[in-house]
$ cat entry_9.txt   # compact mmCIF, C-alpha atoms
# COMPACT_ATOMS: atom_id res chain seq x y z
CA MET L 174 88.84 113.84 81.74
CA SER L 175 87.86 112.04 84.94
CA ASP L 176 86.84 114.00 88.00
CA LEU L 177 88.02 113.22 91.52
CA SER L 178 84.82 114.61 93.02
CA THR L 179 82.84 111.53 91.97
CA VAL L 180 83.21 109.84 95.37
CA ASN L 181 80.81 110.29 98.27
CA SER L 182 81.80 108.96 101.67
CA ALA L 183 80.64 109.71 105.19
CA LYS L 184 83.99 108.43 106.50
CA PRO L 185 87.23 110.38 106.30
CA VAL L 186 88.98 109.57 103.05
CA ARG L 187 92.51 108.20 103.17
CA TYR L 188 94.90 107.93 100.24
CA TRP L 189 97.04 104.95 99.33
CA LEU L 190 99.81 104.09 96.91
CA ILE L 191 100.27 100.55 95.62
CA VAL L 192 103.50 99.55 93.89
CA ALA L 193 103.17 96.97 91.11
CA ALA L 194 104.51 96.30 87.63
CA ARG L 195 102.42 97.94 84.91
CA ASP L 196 101.23 94.62 83.47
CA HIS L 197 99.70 93.73 86.85
CA VAL L 198 98.14 97.17 87.28
CA LEU L 199 96.56 96.97 83.83
CA ARG L 200 95.04 93.56 84.65
CA GLY L 201 93.47 95.20 87.68
CA VAL L 202 92.16 98.13 85.65
CA GLU L 203 90.61 95.73 83.16
CA GLY L 204 88.99 93.70 85.94
CA GLY L 205 88.09 96.59 88.27
CA PHE L 206 90.21 95.37 91.20
CA CYS L 207 93.52 95.83 92.96
CA GLN L 208 95.94 93.52 94.72
CA ALA L 209 98.89 94.47 96.91
CA ASN L 210 101.98 92.78 98.27
CA HIS L 211 101.72 89.65 96.11
CA GLY L 212 98.08 89.04 96.99
CA SER L 213 98.25 89.57 100.76
CA ALA L 214 95.04 90.69 102.52
CA ARG L 215 96.79 92.63 105.30
CA ASN L 216 97.16 96.04 103.67
CA LEU L 217 93.95 95.78 101.66
CA LYS L 218 92.09 95.56 104.99
CA ARG L 219 93.40 99.04 105.88
CA MET L 220 91.49 100.55 102.95
CA GLN L 221 87.87 101.68 103.21
CA ASN L 222 85.11 102.40 100.73
CA GLY L 223 85.76 105.80 99.13
CA ASP L 224 89.51 105.90 99.79
CA GLY L 225 91.72 107.08 96.94
CA VAL L 226 94.35 104.78 95.50
CA ALA L 227 97.14 105.50 93.03
CA PHE L 228 99.41 102.92 91.42
CA TYR L 229 103.13 103.35 90.85
CA SER L 230 104.92 100.99 88.45
CA PRO L 231 108.70 100.82 88.70
CA LYS L 232 108.78 98.28 85.86
CA LEU L 233 106.77 97.34 82.79
CA THR L 234 106.53 93.64 83.65
CA LEU L 235 107.04 91.63 86.82
CA GLY L 236 110.25 89.62 86.67
CA GLU L 237 111.83 91.72 83.93
CA THR L 238 114.24 94.61 84.22
CA THR L 239 112.75 97.14 81.78
CA PRO L 240 112.10 100.22 83.93
CA LEU L 241 109.00 102.38 83.69
CA ARG L 242 108.99 104.57 86.85
CA ALA L 243 105.53 106.03 86.32
CA PHE L 244 102.14 106.32 87.96
CA THR L 245 99.96 104.00 85.91
CA ALA L 246 96.41 104.10 87.33
CA ILE L 247 94.26 105.93 89.87
CA GLY L 248 90.83 105.41 91.35
CA TRP L 249 88.56 104.91 94.35
CA VAL L 250 88.07 101.92 96.62
CA GLN L 251 84.58 100.54 95.97
CA GLY L 252 82.75 98.66 98.72
CA ASP L 253 83.96 97.24 102.01
CA ALA L 254 84.89 93.69 101.01
CA VAL L 255 88.34 92.19 100.79
CA TYR L 256 87.84 88.96 98.89
CA GLN L 257 89.94 86.03 97.75
CA THR L 258 90.01 84.65 94.24
CA THR L 259 91.71 81.69 92.58
CA VAL L 260 94.13 82.63 89.81
CA SER L 261 95.80 79.22 89.75
CA PRO L 262 95.98 76.22 92.10
CA ASP L 263 99.04 77.78 93.78
CA PHE L 264 97.89 81.41 93.80
CA GLU L 265 94.76 82.68 95.54
CA PRO L 266 95.28 86.42 96.03
CA PHE L 267 93.11 88.81 98.00
CA ARG L 268 91.59 91.77 96.15
CA ARG L 269 89.54 94.94 96.57
CA ASP L 270 87.19 96.41 94.01
CA ILE L 271 88.32 99.73 92.53
CA THR L 272 86.53 102.25 90.35
CA PHE L 273 89.35 103.37 88.08
CA LEU L 274 89.35 106.87 86.64
CA GLU L 275 90.23 107.71 83.07
CA SER L 276 93.86 108.82 83.23
CA HIS L 277 97.21 108.62 81.48
CA GLU L 278 100.57 107.45 82.78
CA ALA L 279 102.71 110.08 84.48
CA PRO L 280 106.47 109.70 84.91
CA ILE L 281 107.54 110.11 88.52
CA ALA L 282 110.80 112.04 87.89
CA PRO L 283 109.26 115.54 87.54
CA LEU L 284 107.05 114.95 90.60
CA ILE L 285 109.74 113.85 93.07
CA PRO L 286 110.51 117.38 94.35
CA ALA L 287 106.81 118.07 94.99
CA LEU L 288 105.79 114.80 96.67
CA HIS L 289 105.91 115.09 100.47
CA PHE L 290 105.81 111.34 101.12
CA ILE L 291 109.21 111.03 99.41
CA LYS L 292 111.54 112.19 102.19
CA ASN L 293 114.85 111.28 100.55
CA LYS L 294 114.81 113.03 97.18
CA THR L 295 118.17 111.52 96.16
CA ASN L 296 117.43 107.86 96.92
CA TRP L 297 113.68 108.20 96.39
CA GLY L 298 113.15 104.61 95.23
CA ILE L 299 113.56 103.32 98.78
CA THR L 300 110.22 104.94 99.63
CA PHE L 301 108.43 102.28 97.57
CA ARG L 302 110.20 99.21 98.98
CA PHE L 303 107.23 97.91 101.01
CA GLY L 304 104.81 98.07 98.06
CA PHE L 305 101.97 99.80 99.91
CA LEU L 306 101.87 103.13 101.72
CA GLU L 307 99.52 105.81 102.89
CA ILE L 308 100.15 109.19 101.28
CA PRO L 309 98.91 112.72 102.05
CA GLU L 310 95.90 114.10 100.21
CA ASP L 311 98.04 116.85 98.63
CA ASP L 312 100.33 114.24 97.09
CA PHE L 313 97.36 112.22 95.80
CA LEU L 314 95.96 115.37 94.16
CA THR L 315 99.37 116.20 92.64
CA ILE L 316 99.63 112.69 91.18
CA ALA L 317 96.04 112.87 89.91
CA ALA L 318 96.64 116.21 88.19
CA HIS L 319 99.74 114.87 86.44
CA MET L 320 97.70 111.88 85.27
CA GLY L 321 95.13 114.20 83.69
CA VAL L 322 92.48 113.74 86.38
CA ASN L 323 90.48 116.83 87.34
CA PRO L 324 90.74 117.47 91.09
CA GLY L 325 87.03 118.31 91.13
$ encode --input "entry_9.txt" --output "structure tokens"
Amino acid sequence: MSDLSTVNSAKPVRYWLIVAARDHVLRGVEGGFCQANHGSARNLKRMQNGDGVAFYSPKLTLGETTPLRAFTAIGWVQGDAVYQTTVSPDFEPFRRDITFLESHEAPIAPLIPALHFIKNKTNWGITFRFGFLEIPEDDFLTIAAHMGVNPG
């Protein structure tokens, strides 16, 4: 089991949620990076070394309709650099390095009542429409616990 206490930061830690299809999240886990908002740098620049980041996947695969609705990865922002990489001639996304923690997927449905960042518990999916949001520490810890990560 991974332990959330493995980060040391002199700066206040903030917590983020990135929305992406599971296949994209898993590519990031394999490569030790994250992307947000189709490769935009804007929101990645808000993150700092040591911040926590959780990933929510509404679908299994981008462009397909098979739903997943689960938290799929969790970790810590590593370093201060936002960098650009070339995936193809038409796609050069910005990324941040992430130290991913050992975890398992956690369906969102049982967590909806407990998550404070979800204001509308009936139409909760609207909360994720912008693909990137800051969440309270308590919610990050709740998500982590349901993913099998020790709060430390």
$ closest_residue --input "entry_9.txt" --among "L:Arg302, L:His289, L:His277, L:Arg215" --to "Phe244 in chain L" --atoms "all atoms listed in the file"
L:His277
$ atom_distance --input "entry_9.txt" --atom1 "CA of Leu233 in chain L" --atom2 "CA of Val192 in chain L"
11.8 Å
$ closest_residue --input "entry_9.txt" --among "L:Glu275, L:Asp196, L:Asp270, L:Asp263" --to "Ser230 in chain L" --atoms "only C-alpha atoms"
L:Asp196
$ closest_residue --input "entry_9.txt" --among "L:Thr315, L:Ser261, L:Asn323, L:Asn296" --to "Leu274 in chain L" --atoms "only C-alpha atoms"
L:Asn323
$ closest_residue --input "entry_9.txt" --among "L:Ala194, L:Leu306, L:Ala317, L:Val202" --to "Thr239 in chain L" --atoms "all atoms listed in the file"
L:Ala194
$ closest_residue --input "entry_9.txt" --among "L:Val260, L:Val255, L:Val250, L:Ala243" --to "Gly298 in chain L" --atoms "all atoms listed in the file"
L:Ala243
$ closest_residue --input "entry_9.txt" --among "L:Val198, L:Ile247, L:Leu217, L:Val322" --to "Arg269 in chain L" --atoms "only C-alpha atoms"
L:Leu217
$ atom_distance --input "entry_9.txt" --atom1 "CA of Gly205 in chain L" --atom2 "CA of Trp249 in chain L"
10.3 Å
$ atom_distance --input "entry_9.txt" --atom1 "CA of Asn222 in chain L" --atom2 "CA of Arg187 in chain L"
9.7 Å
$ axis_aligned_box --input "entry_9.txt" --around "range 200-203 of chain L" --padding-each-side "8 Å" --output "JSON"
{"center_x": 92.8, "center_y": 95.8, "center_z": 85.4, "size_x": 20.4, "size_y": 20.6, "size_z": 20.5}
$ residues_around --input "entry_9.txt" --residues "Phe206 in chain L" --least-positions-apart "4" --cutoff "12 Å" --atoms "only C-alpha atoms" --output "PyMOL selection string"
chain L and resi 197-202+212+217+226+228+246-252+254-258+266-273
$ residues_around --input "entry_9.txt" --residues "Pro283 in chain L" --least-positions-apart "4" --cutoff "12 Å" --atoms "all atoms listed in the file" --output "PyMOL selection string"
chain L and resi 242-244+279+287-288+294+315-316+319
